>>> print(open('upload20.txt').read())   # compact mmCIF, C-alpha atoms
# COMPACT_ATOMS: atom_id res chain seq x y z
CA MET H 1 143.96 35.30 -21.86
CA ILE H 2 144.37 32.21 -19.77
CA ASP H 3 147.50 30.68 -18.25
CA ILE H 4 147.26 27.16 -16.82
CA GLN H 5 150.29 25.45 -15.30
CA LEU H 6 150.70 22.16 -13.49
CA LYS H 7 154.24 21.81 -12.20
CA ASP H 8 156.46 20.21 -9.60
CA THR H 9 158.42 23.34 -8.69
CA THR H 10 157.58 26.23 -6.34
CA LEU H 11 154.64 28.38 -7.43
CA ASP H 12 155.23 32.12 -7.73
CA THR H 13 152.47 34.53 -6.67
CA GLN H 14 154.09 37.52 -8.34
CA GLU H 15 154.27 35.65 -11.65
CA CYS H 16 150.51 34.98 -11.51
CA VAL H 17 149.71 38.57 -10.54
CA ASP H 18 151.92 39.90 -13.33
CA PHE H 19 150.24 37.62 -15.86
CA VAL H 20 146.75 38.96 -15.14
CA ALA H 21 147.77 42.63 -14.85
CA SER H 22 145.88 44.73 -17.37
CA ASP H 23 145.29 48.44 -17.98
CA SER H 24 141.59 47.85 -18.45
CA ALA H 25 141.02 45.69 -15.36
CA GLY H 26 140.12 47.55 -12.19
CA GLY H 27 140.41 44.65 -9.81
CA THR H 28 142.53 41.55 -9.40
CA THR H 29 141.69 38.87 -6.88
CA VAL H 30 144.18 36.19 -5.97
CA PHE H 31 143.66 33.01 -4.00
CA ILE H 32 146.74 31.33 -2.60
CA GLY H 33 146.41 27.92 -0.97
CA THR H 34 148.85 26.99 1.77
CA VAL H 35 149.76 23.65 3.26
CA ARG H 36 148.43 23.83 6.81
CA ASN H 37 150.28 22.32 9.74
CA LYS H 38 147.11 20.74 11.11
CA THR H 39 144.00 18.85 9.95
CA LYS H 40 141.38 18.45 12.66
CA ASP H 41 144.05 18.88 15.32
CA LYS H 42 146.30 16.23 13.83
CA THR H 43 149.80 17.44 12.97
CA VAL H 44 150.56 17.27 9.26
CA VAL H 45 154.17 16.56 8.33
CA ARG H 46 153.85 17.15 4.58
CA LEU H 47 151.50 16.72 1.63
CA GLU H 48 151.86 14.80 -1.58
CA PHE H 49 149.94 15.86 -4.70
CA GLU H 50 149.39 13.48 -7.55
CA ALA H 51 147.73 14.54 -10.81
CA TYR H 52 146.46 12.99 -14.01
CA PRO H 53 148.32 15.68 -15.93
CA PRO H 54 146.67 16.08 -19.35
CA MET H 55 143.16 15.95 -17.92
CA ALA H 56 144.04 18.11 -14.89
CA VAL H 57 145.27 20.82 -17.25
CA ALA H 58 142.21 20.41 -19.51
CA GLU H 59 139.80 20.67 -16.55
CA MET H 60 141.57 23.75 -15.15
CA LYS H 61 141.36 25.31 -18.60
CA LYS H 62 137.61 24.59 -18.73
CA ILE H 63 137.11 26.23 -15.36
CA ALA H 64 139.07 29.31 -16.41
CA GLU H 65 137.10 29.58 -19.65
CA GLN H 66 133.79 29.28 -17.82
CA ALA H 67 134.80 31.96 -15.32
CA LYS H 68 136.10 34.22 -18.08
CA GLU H 69 132.81 33.92 -19.92
CA LYS H 70 130.51 34.24 -16.92
CA TRP H 71 132.25 37.16 -15.16
CA ASN H 72 133.71 38.85 -18.18
CA ALA H 73 137.20 38.30 -16.77
CA GLU H 74 140.07 39.74 -18.77
CA LYS H 75 142.75 37.32 -17.66
CA ILE H 76 142.87 34.24 -15.48
CA CYS H 77 145.89 32.36 -14.20
CA ILE H 78 145.72 28.97 -12.46
CA HIS H 79 148.92 27.30 -11.26
CA HIS H 80 148.86 24.00 -9.39
CA ARG H 81 151.69 22.06 -7.77
CA THR H 82 152.38 18.36 -7.86
CA GLY H 83 154.82 16.32 -5.79
CA ILE H 84 155.82 16.65 -2.17
CA LEU H 85 154.99 19.90 -0.36
CA ASP H 86 156.16 20.93 3.09
CA ILE H 87 154.12 22.96 5.58
CA GLY H 88 153.71 26.56 4.38
CA GLU H 89 154.31 25.70 0.71
CA ILE H 90 151.75 26.69 -1.92
CA PRO H 91 149.69 24.00 -3.70
CA VAL H 92 147.61 26.39 -5.79
CA ILE H 93 147.42 30.01 -6.96
CA ILE H 94 144.47 31.47 -8.82
CA ALA H 95 144.53 35.06 -10.08
CA VAL H 96 141.62 36.74 -11.85
CA ALA H 97 141.45 40.25 -13.29
CA THR H 98 138.06 41.76 -14.12
CA PRO H 99 136.88 45.28 -14.97
CA HIS H 100 135.02 45.50 -11.63
CA ARG H 101 136.01 44.07 -8.29
CA LYS H 102 132.86 42.19 -7.26
CA ALA H 103 133.23 39.97 -10.32
CA ALA H 104 136.89 39.33 -9.49
CA PHE H 105 135.96 37.89 -6.11
CA GLU H 106 133.13 35.77 -7.48
CA ALA H 107 135.16 34.45 -10.40
CA CYS H 108 138.17 33.60 -8.23
CA GLN H 109 136.01 31.81 -5.69
CA TYR H 110 134.25 29.91 -8.48
CA CYS H 111 137.62 28.76 -9.82
CA ILE H 112 138.94 27.40 -6.53
CA ASP H 113 135.59 25.85 -5.52
CA THR H 114 135.21 24.11 -8.89
CA LEU H 115 138.86 23.07 -9.04
CA LYS H 116 138.42 21.20 -5.76
CA GLU H 117 135.41 19.38 -7.19
CA THR H 118 136.44 18.44 -10.71
CA VAL H 119 140.17 18.60 -11.38
CA PRO H 120 141.83 15.17 -11.22
CA ILE H 121 144.42 15.95 -8.58
CA TRP H 122 144.75 13.98 -5.36
CA LYS H 123 146.24 15.07 -2.07
CA LYS H 124 147.74 12.69 0.45
CA GLU H 125 148.28 13.97 3.97
CA ILE H 126 151.28 12.50 5.72
CA PHE H 127 151.11 12.47 9.52
CA GLU H 128 153.74 11.29 11.97
CA ASP H 129 151.90 8.00 12.37
CA GLY H 130 150.40 7.34 8.95
CA GLU H 131 148.97 8.85 5.80
CA VAL H 132 145.59 9.35 4.18
CA TRP H 133 144.21 10.30 0.76
CA VAL H 134 142.18 13.41 1.57
CA ALA H 135 138.38 13.25 1.12
CA ALA H 136 138.49 9.74 -0.38
CA HIS H 137 135.97 8.29 2.06
CA PRO H 138 132.61 9.65 3.24
CA MET S 139 148.56 40.41 13.29
CA ILE S 140 147.68 43.46 11.27
CA ASP S 141 149.86 45.56 8.97
CA ILE S 142 148.47 48.91 7.78
CA GLN S 143 150.49 51.17 5.52
CA LEU S 144 149.67 54.43 3.75
CA LYS S 145 152.52 55.47 1.51
CA ASP S 146 153.52 57.43 -1.57
CA THR S 147 155.75 54.75 -3.09
CA THR S 148 154.93 51.66 -5.19
CA LEU S 149 152.96 48.97 -3.37
CA ASP S 150 154.39 45.45 -3.35
CA THR S 151 152.03 42.47 -3.66
CA GLN S 152 154.66 39.96 -2.60
CA GLU S 153 155.37 41.95 0.56
CA CYS S 154 151.67 41.78 1.52
CA VAL S 155 151.42 38.07 0.71
CA ASP S 156 154.56 37.33 2.71
CA PHE S 157 153.22 39.29 5.69
CA VAL S 158 150.05 37.20 5.95
CA ALA S 159 151.71 33.83 5.26
CA SER S 160 151.11 31.44 8.13
CA ASP S 161 151.52 27.71 8.75
CA SER S 162 148.07 27.51 10.29
CA ALA S 163 146.20 29.42 7.57
CA GLY S 164 144.87 27.31 4.72
CA GLY S 165 143.81 30.14 2.47
CA THR S 166 145.01 33.60 1.57
CA THR S 167 142.94 35.95 -0.51
CA VAL S 168 144.44 39.08 -2.00
CA PHE S 169 142.71 42.00 -3.64
CA ILE S 170 144.83 44.26 -5.82
CA GLY S 171 143.34 47.45 -7.19
CA THR S 172 144.63 48.78 -10.49
CA VAL S 173 144.33 52.21 -12.09
CA ARG S 174 142.11 51.62 -15.12
CA ASN S 175 142.68 53.40 -18.39
CA LYS S 176 138.99 54.20 -18.76
CA THR S 177 136.02 55.41 -16.70
CA LYS S 178 132.71 55.16 -18.53
CA ASP S 179 134.52 55.20 -21.88
CA LYS S 180 136.50 58.31 -21.01
CA THR S 181 140.28 57.90 -21.24
CA VAL S 182 142.01 58.36 -17.90
CA VAL S 183 145.49 59.87 -18.00
CA ARG S 184 146.38 59.36 -14.35
CA LEU S 185 144.95 59.38 -10.83
CA GLU S 186 145.77 61.44 -7.79
CA PHE S 187 145.11 60.10 -4.30
CA GLU S 188 144.89 62.42 -1.33
CA ALA S 189 144.48 61.14 2.23
CA TYR S 190 143.88 62.49 5.71
CA PRO S 191 146.75 60.35 6.96
CA PRO S 192 146.26 59.69 10.68
CA MET S 193 142.54 59.05 10.31
CA ALA S 194 142.97 57.01 7.10
CA VAL S 195 145.37 54.71 8.94
CA ALA S 196 143.07 54.54 11.98
CA GLU S 197 140.03 53.67 9.84
CA MET S 198 141.93 50.99 7.89
CA LYS S 199 143.06 49.52 11.21
CA LYS S 200 139.43 49.45 12.44
CA ILE S 201 138.36 47.60 9.29
CA ALA S 202 141.15 45.05 9.64
CA GLU S 203 140.30 44.48 13.31
CA GLN S 204 136.61 43.99 12.51
CA ALA S 205 137.43 41.52 9.74
CA LYS S 206 139.92 39.68 11.94
CA GLU S 207 137.29 39.31 14.65
CA LYS S 208 134.35 38.42 12.41
CA TRP S 209 136.11 35.88 10.14
CA ASN S 210 138.70 34.64 12.59
CA ALA S 211 141.44 35.88 10.25
CA GLU S 212 144.99 35.13 11.31
CA LYS S 213 146.68 38.04 9.56
CA ILE S 214 145.50 41.01 7.54
CA CYS S 215 147.56 43.45 5.51
CA ILE S 216 146.18 46.67 3.99
CA HIS S 217 148.47 48.93 1.98
CA HIS S 218 147.17 52.09 0.28
CA ARG S 219 148.96 54.53 -2.01
CA THR S 220 148.83 58.30 -2.02
CA GLY S 221 150.08 60.73 -4.65
CA ILE S 222 150.06 60.51 -8.42
CA LEU S 223 149.45 57.09 -10.01
CA ASP S 224 149.78 56.21 -13.67
CA ILE S 225 147.62 53.71 -15.54
CA GLY S 226 148.32 50.16 -14.36
CA GLU S 227 149.74 51.25 -11.00
CA ILE S 228 148.33 49.83 -7.77
CA PRO S 229 146.33 52.07 -5.40
CA VAL S 230 145.49 49.36 -2.88
CA ILE S 231 146.43 45.83 -1.81
CA ILE S 232 144.51 43.84 0.79
CA ALA S 233 145.71 40.40 1.86
CA VAL S 234 143.84 38.18 4.32
CA ALA S 235 144.84 34.76 5.64
CA THR S 236 142.24 32.59 7.35
CA PRO S 237 142.13 28.93 8.39
CA HIS S 238 139.49 28.21 5.69
CA ARG S 239 139.13 29.72 2.25
CA LYS S 240 135.51 30.86 2.24
CA ALA S 241 136.24 33.18 5.13
CA ALA S 242 139.29 34.57 3.34
CA PHE S 243 137.16 35.67 0.40
CA GLU S 244 134.46 37.18 2.58
CA ALA S 245 136.89 38.99 4.85
CA CYS S 246 138.91 40.39 1.93
CA GLN S 247 135.79 41.60 0.16
CA TYR S 248 134.52 43.18 3.39
CA CYS S 249 137.82 45.06 3.77
CA ILE S 250 137.83 46.56 0.27
CA ASP S 251 134.08 47.33 0.30
CA THR S 252 134.30 49.06 3.68
CA LEU S 253 137.55 50.85 2.83
CA LYS S 254 135.81 52.47 -0.12
CA GLU S 255 132.99 53.66 2.15
CA THR S 256 134.74 54.91 5.25
CA VAL S 257 138.46 55.57 4.83
CA PRO S 258 139.24 59.29 4.31
CA ILE S 259 141.06 58.98 1.00
CA TRP S 260 140.05 60.87 -2.12
CA LYS S 261 140.73 60.01 -5.73
CA LYS S 262 140.91 62.56 -8.51
CA GLU S 263 140.68 61.30 -12.08
CA ILE S 264 142.67 63.31 -14.56
CA PHE S 265 141.41 63.16 -18.17
CA GLU S 266 142.91 64.80 -21.22
CA ASP S 267 140.38 67.61 -20.99
CA GLY S 268 139.82 68.03 -17.27
CA GLU S 269 139.69 66.37 -13.89
CA VAL S 270 137.12 65.24 -11.37
CA TRP S 271 136.99 64.11 -7.74
CA VAL S 272 135.53 60.63 -8.01
CA ALA S 273 132.08 59.99 -6.50
CA ALA S 274 131.84 63.49 -4.99
CA HIS S 275 128.47 64.28 -6.57
CA PRO S 276 125.31 62.17 -6.80
CA MET Q 277 137.61 -6.67 -25.61
CA LYS Q 278 140.67 -5.85 -23.58
CA ILE Q 279 140.99 -2.42 -21.99
CA GLU Q 280 143.94 -0.88 -20.29
CA ILE Q 281 142.98 1.16 -17.20
CA LEU Q 282 145.05 3.81 -15.44
CA ALA Q 283 144.69 4.42 -11.70
CA PHE Q 284 145.56 7.47 -9.56
CA GLY Q 285 145.45 8.38 -5.88
CA ILE Q 286 143.71 5.87 -3.67
CA ALA Q 287 142.60 3.87 -6.75
CA LYS Q 288 146.23 2.99 -7.30
CA ASP Q 289 146.48 1.75 -3.72
CA ILE Q 290 143.26 -0.27 -4.10
CA ILE Q 291 144.35 -2.12 -7.24
CA LYS Q 292 147.91 -2.19 -5.91
CA ASN Q 293 149.19 -1.08 -9.29
CA ARG Q 294 149.36 1.91 -11.60
CA THR Q 295 147.56 0.06 -14.42
CA LEU Q 296 145.07 -2.75 -14.82
CA SER Q 297 144.13 -4.86 -17.87
CA LEU Q 298 140.50 -5.97 -17.99
CA ASP Q 299 138.70 -8.23 -20.41
CA ILE Q 300 135.13 -7.00 -20.78
CA PRO Q 301 132.41 -7.67 -23.37
CA ALA Q 302 132.75 -5.51 -26.51
CA GLY Q 303 130.61 -2.39 -26.25
CA SER Q 304 130.47 -2.43 -22.45
CA ASN Q 305 129.63 0.91 -20.92
CA VAL Q 306 131.14 2.88 -18.04
CA GLY Q 307 128.49 1.60 -15.63
CA PHE Q 308 129.46 -1.99 -16.40
CA LEU Q 309 133.12 -1.17 -15.83
CA LYS Q 310 132.39 0.44 -12.44
CA ASN Q 311 130.45 -2.66 -11.35
CA GLU Q 312 133.26 -4.90 -12.55
CA LEU Q 313 135.85 -2.86 -10.67
CA THR Q 314 133.80 -2.79 -7.48
CA SER Q 315 133.16 -6.54 -7.54
CA ARG Q 316 136.85 -7.29 -8.09
CA PHE Q 317 138.01 -4.67 -5.59
CA PRO Q 318 135.31 -4.12 -2.94
CA ASP Q 319 137.25 -1.15 -1.51
CA PHE Q 320 136.01 0.94 -4.45
CA GLY Q 321 132.54 0.61 -2.91
CA LYS Q 322 133.75 2.39 0.23
CA LEU Q 323 134.82 5.57 -1.57
CA LYS Q 324 132.81 8.79 -1.46
CA SER Q 325 132.52 8.66 -5.25
CA LEU Q 326 133.92 6.81 -8.23
CA ALA Q 327 134.22 8.37 -11.67
CA ILE Q 328 135.64 7.18 -14.95
CA ALA Q 329 137.40 9.40 -17.45
CA VAL Q 330 137.61 8.28 -21.07
CA ASN Q 331 140.09 10.05 -23.30
CA GLU Q 332 140.55 12.80 -20.69
CA GLU Q 333 136.84 13.54 -20.21
CA TYR Q 334 134.48 12.47 -17.44
CA GLN Q 335 131.87 10.06 -18.82
CA ALA Q 336 128.52 8.96 -17.42
CA ASP Q 337 127.50 5.32 -16.85
CA ASP Q 338 125.81 5.00 -20.26
CA PHE Q 339 128.94 5.87 -22.25
CA ASN Q 340 130.15 2.95 -24.38
CA LEU Q 341 133.81 2.00 -24.20
CA SER Q 342 136.05 1.00 -27.11
CA GLU Q 343 139.28 -0.90 -27.09
CA LYS Q 344 141.52 2.03 -27.91
CA ASP Q 345 140.08 4.37 -25.27
CA GLU Q 346 142.28 5.80 -22.57
CA VAL Q 347 140.34 4.76 -19.47
CA VAL Q 348 141.16 6.23 -16.07
CA ILE Q 349 139.72 5.53 -12.63
CA ILE Q 350 139.04 8.83 -10.85
CA PRO Q 351 138.55 8.45 -7.10
CA PRO Q 352 137.33 11.53 -5.14
CA VAL Q 353 139.56 14.45 -6.15
CA SER Q 354 141.20 16.68 -3.54
CA GLY Q 355 143.31 19.27 -5.32
CA GLY Q 356 143.74 22.88 -4.29
CA MET X 357 134.66 80.24 19.82
CA LYS X 358 137.11 80.01 17.00
CA ILE X 359 137.69 76.69 15.31
CA GLU X 360 140.30 75.74 12.79
CA ILE X 361 138.98 73.44 10.05
CA LEU X 362 140.98 71.24 7.70
CA ALA X 363 139.71 70.41 4.20
CA PHE X 364 140.56 67.53 1.82
CA GLY X 365 139.62 66.50 -1.69
CA ILE X 366 136.83 68.50 -3.25
CA ALA X 367 136.23 70.32 0.08
CA LYS X 368 139.61 71.98 -0.40
CA ASP X 369 138.54 73.11 -3.88
CA ILE X 370 135.21 74.41 -2.55
CA ILE X 371 136.71 76.56 0.21
CA LYS X 372 139.66 77.33 -2.09
CA ASN X 373 142.04 76.65 0.76
CA ARG X 374 143.51 73.85 2.85
CA THR X 375 142.21 75.39 6.11
CA LEU X 376 139.41 77.62 7.27
CA SER X 377 138.93 79.56 10.50
CA LEU X 378 135.34 79.91 11.69
CA ASP X 379 133.85 81.81 14.59
CA ILE X 380 130.89 79.86 15.92
CA PRO X 381 128.94 80.02 19.20
CA ALA X 382 130.58 78.12 22.06
CA GLY X 383 129.18 74.59 22.33
CA SER X 384 127.98 74.47 18.70
CA ASN X 385 127.51 70.97 17.41
CA VAL X 386 128.52 69.26 14.18
CA GLY X 387 125.08 69.85 12.63
CA PHE X 388 125.43 73.60 13.21
CA LEU X 389 128.87 73.55 11.60
CA LYS X 390 127.58 71.72 8.52
CA ASN X 391 124.78 74.29 8.12
CA GLU X 392 127.25 77.11 8.54
CA LEU X 393 129.59 75.60 5.93
CA THR X 394 126.78 74.98 3.46
CA SER X 395 125.40 78.50 3.79
CA ARG X 396 128.83 80.04 3.29
CA PHE X 397 129.79 77.64 0.48
CA PRO X 398 126.61 76.44 -1.28
CA ASP X 399 128.67 73.90 -3.28
CA PHE X 400 128.79 71.70 -0.17
CA GLY X 401 125.03 71.23 -0.66
CA LYS X 402 125.67 69.63 -4.05
CA LEU X 403 127.86 66.82 -2.71
CA LYS X 404 126.65 63.25 -2.33
CA SER X 405 127.42 63.46 1.39
CA LEU X 406 129.18 65.67 3.89
CA ALA X 407 130.77 64.33 7.07
CA ILE X 408 132.78 65.91 9.84
CA ALA X 409 135.60 64.22 11.67
CA VAL X 410 136.58 65.49 15.09
CA ASN X 411 139.91 64.35 16.48
CA GLU X 412 140.20 61.67 13.79
CA GLU X 413 136.76 60.14 14.37
CA TYR X 414 133.54 60.59 12.40
CA GLN X 415 130.97 62.46 14.54
CA ALA X 416 127.20 62.76 14.18
CA ASP X 417 125.32 66.06 14.02
CA ASP X 418 124.61 66.15 17.78
CA PHE X 419 128.30 66.02 18.76
CA ASN X 420 129.40 69.21 20.53
CA LEU X 421 132.56 70.93 19.35
CA SER X 422 135.27 72.47 21.53
CA GLU X 423 137.87 75.04 20.65
CA LYS X 424 140.84 72.66 20.71
CA ASP X 425 139.24 69.98 18.53
CA GLU X 426 140.85 68.94 15.27
CA VAL X 427 137.93 69.45 12.90
CA VAL X 428 138.05 68.05 9.36
CA ILE X 429 135.56 68.32 6.49
CA ILE X 430 135.13 64.88 4.90
CA PRO X 431 133.53 65.01 1.45
CA PRO X 432 132.51 61.66 -0.15
CA VAL X 433 135.50 59.32 0.10
CA SER X 434 136.78 57.41 -2.94
CA GLY X 435 139.83 55.40 -1.90
CA GLY X 436 140.69 51.93 -3.12
>>> encode(input="upload20.txt", output="structure tokens")
Amino acid sequence: MIDIQLKDTTLDTQECVDFVASDSAGGTTVFIGTVRNKTKDKTVVRLEFEAYPPMAVAEMKKIAEQAKEKWNAEKICIHHRTGILDIGEIPVIIAVATPHRKAAFEACQYCIDTLKETVPIWKKEIFEDGEVWVAAHP
Amino acid sequence: MIDIQLKDTTLDTQECVDFVASDSAGGTTVFIGTVRNKTKDKTVVRLEFEAYPPMAVAEMKKIAEQAKEKWNAEKICIHHRTGILDIGEIPVIIAVATPHRKAAFEACQYCIDTLKETVPIWKKEIFEDGEVWVAAHP
Amino acid sequence: MKIEILAFGIAKDIIKNRTLSLDIPAGSNVGFLKNELTSRFPDFGKLKSLAIAVNEEYQADDFNLSEKDEVVIIPPVSGG
Amino acid sequence: MKIEILAFGIAKDIIKNRTLSLDIPAGSNVGFLKNELTSRFPDFGKLKSLAIAVNEEYQADDFNLSEKDEVVIIPPVSGG
């Protein structure tokens, strides 16, 4: 089972953990992103996430399906925020339950690594003196 | 900051996640163990965890300190249950917050792997037709 | 043929709009479109990467476009 | 000297008690204690490993015991 959500309201870790809970899974690994207060020593005021919604959801679903297949995951949950996020807020939660724990770590890491490479979501960092689309330029 | 708890009441994932939350950490990784309903196709009825409490806490603290040092973790939380656990209950939660996500995965995996090797806690699996101390014999 | 293009993130800032209408030869491929975009808006050439999604799927340069396609400019993504 | 030993997990089942009092020569080390335990309770020899903690720390075979030490038999652990 896979649960993919792209939404503009606060993400809930417990909801993701509850979704993947399973009597036959021995290990659940969760990754929780957090808006950091600094990027390369520059103070971040807030972040803004923009998504191309239908494709972002489709790409997250692909990632979850690949991870489910490759690591024999029982359940995978990927929730991603859009909109304006303050410092300490959560842009992304990924929870993966697998029969054995090593696979849970690998699958969860695969999901977040791949999400950052392929899912059409863009993050703008807003500083006190300007703003920048993250990773846009070499 | 490190939070180590060994207790005979339900573990709370949100509590662990909240403990490690930090404005300067960009990634939190959480491992949640779960009591599986099967071991090698044998139906498990419940588990019983016994600990040598002062040393179990001391060893978990050592692990957290090593991980904090090695991966520059900001905060680490390790909670472990004792007593009787039913299927689906949580024996262990480990949450690690680091500035960058790769380190969070590595540190969290190190904590659970090492915990299973060194912390004086013993798990007895209770089946319908008997019981066994896990991993006691070769 | 006339195609309607959607832009997100920095692409939106570069074309100074959310959408863009382009007249390109019928049967043009994704590679042609990227060249066209970069010559009209040189700032696309400064990005780390430039991808095109057609009907919600990434497509390579040799993919042929049709008039009814949903075409989206995908600048370097940075979710998570 | 007389030492008081605590047992957990399967060690408790093997000695059929939570504690065990042993009379061993003064200055005996951990290795001697393990041999003594295994000869009295051969089931210890069947375990995957056998460790001894002294005052809440694992100790190697060459560690010398004293009468006031808190000595604990640590059969293979299986937490998590």
>>> closest_residue(input="upload20.txt", among="S:Gln204, S:Thr151, S:Gln143, S:Thr181", to="Phe169 of chain S", atoms="all atoms listed in the file")
S:Thr151
>>> interface_residues(input="upload20.txt", of="chain S", to="chain H", cutoff="6 Å", atoms="only C-alpha atoms", output="NGL selection string")
:S and (161-162 or 164-172 or 174-175 or 226)
>>> residues_around(input="upload20.txt", residues="Ala189 of chain S", least_positions_apart="2", cutoff="6 Å", atoms="all atoms listed in the file", output="ChimeraX atom specification")
/S:191,258-259
>>> atom_distance(input="upload20.txt", atom1="atom CA of Ala73 of chain H", atom2="atom CA of Leu115 of chain H")
17.2 Å
>>> interface_residues(input="upload20.txt", of="chain S", to="chain X", cutoff="6 Å", atoms="all atoms listed in the file", output="number ranges by chain")
S: 193, 230, 254, 258-261, 274-276
>>> atom_distance(input="upload20.txt", atom1="atom CA of Gln335 of chain Q", atom2="atom CA of Val347 of chain Q")
10.0 Å
>>> residues_around(input="upload20.txt", residues="segment 342-345 of chain Q", least_positions_apart="5", cutoff="8 Å", atoms="only C-alpha atoms", output="list in words")
Met277, Lys278, Ile279, Ala302, Gly303, Val330 and Asn331 of chain Q
>>> decode(input="upload20.txt", residues="segment 382-388 of chain X", atoms="all heavy atoms", output="mmCIF file, in the first residue's frame")
data_model
loop_
_atom_site.group_PDB
_atom_site.id
_atom_site.type_symbol
_atom_site.label_atom_id
_atom_site.label_comp_id
_atom_site.auth_asym_id
_atom_site.auth_seq_id
_atom_site.Cartn_x
_atom_site.Cartn_y
_atom_site.Cartn_z
ATOM 1 N N ALA X 382 40.427 -16.019 45.623
ATOM 2 C CA ALA X 382 40.621 -14.563 45.600
ATOM 3 C C ALA X 382 41.434 -14.184 44.367
ATOM 4 O O ALA X 382 42.382 -14.879 44.012
ATOM 5 C CB ALA X 382 41.334 -14.106 46.878
ATOM 6 N N GLY X 383 41.045 -13.098 43.711
ATOM 7 C CA GLY X 383 41.776 -12.624 42.536
ATOM 8 C C GLY X 383 41.465 -13.379 41.251
ATOM 9 O O GLY X 383 42.119 -13.162 40.238
ATOM 10 N N SER X 384 40.477 -14.259 41.276
ATOM 11 C CA SER X 384 40.093 -14.975 40.040
ATOM 12 C C SER X 384 39.671 -13.973 38.979
ATOM 13 O O SER X 384 39.126 -12.919 39.290
ATOM 14 C CB SER X 384 38.906 -15.904 40.320
ATOM 15 O OG SER X 384 39.294 -16.938 41.179
ATOM 16 N N ASN X 385 39.905 -14.319 37.741
ATOM 17 C CA ASN X 385 39.497 -13.392 36.681
ATOM 18 C C ASN X 385 38.208 -13.862 35.999
ATOM 19 O O ASN X 385 37.649 -14.913 36.333
ATOM 20 C CB ASN X 385 40.636 -13.158 35.685
ATOM 21 C CG ASN X 385 41.039 -14.422 34.949
ATOM 22 O OD1 ASN X 385 40.264 -15.373 34.842
ATOM 23 N ND2 ASN X 385 42.264 -14.432 34.444
ATOM 24 N N VAL X 386 37.755 -13.059 35.050
ATOM 25 C CA VAL X 386 36.496 -13.325 34.357
ATOM 26 C C VAL X 386 36.548 -14.658 33.610
ATOM 27 O O VAL X 386 35.581 -15.416 33.588
ATOM 28 C CB VAL X 386 36.162 -12.143 33.404
ATOM 29 C CG1 VAL X 386 35.100 -12.536 32.376
ATOM 30 C CG2 VAL X 386 35.691 -10.928 34.204
ATOM 31 N N GLY X 387 37.706 -14.954 33.012
ATOM 32 C CA GLY X 387 37.861 -16.224 32.286
ATOM 33 C C GLY X 387 37.654 -17.416 33.212
ATOM 34 O O GLY X 387 36.973 -18.392 32.849
ATOM 35 N N PHE X 388 38.215 -17.327 34.424
ATOM 36 C CA PHE X 388 38.048 -18.404 35.405
ATOM 37 C C PHE X 388 36.558 -18.568 35.736
ATOM 38 O O PHE X 388 36.030 -19.682 35.786
ATOM 39 C CB PHE X 388 38.846 -18.070 36.670
ATOM 40 C CG PHE X 388 38.718 -19.136 37.732
ATOM 41 C CD1 PHE X 388 39.616 -20.197 37.796
ATOM 42 C CD2 PHE X 388 37.680 -19.077 38.671
ATOM 43 C CE1 PHE X 388 39.486 -21.182 38.776
ATOM 44 C CE2 PHE X 388 37.538 -20.060 39.639
ATOM 45 C CZ PHE X 388 38.440 -21.120 39.702
#
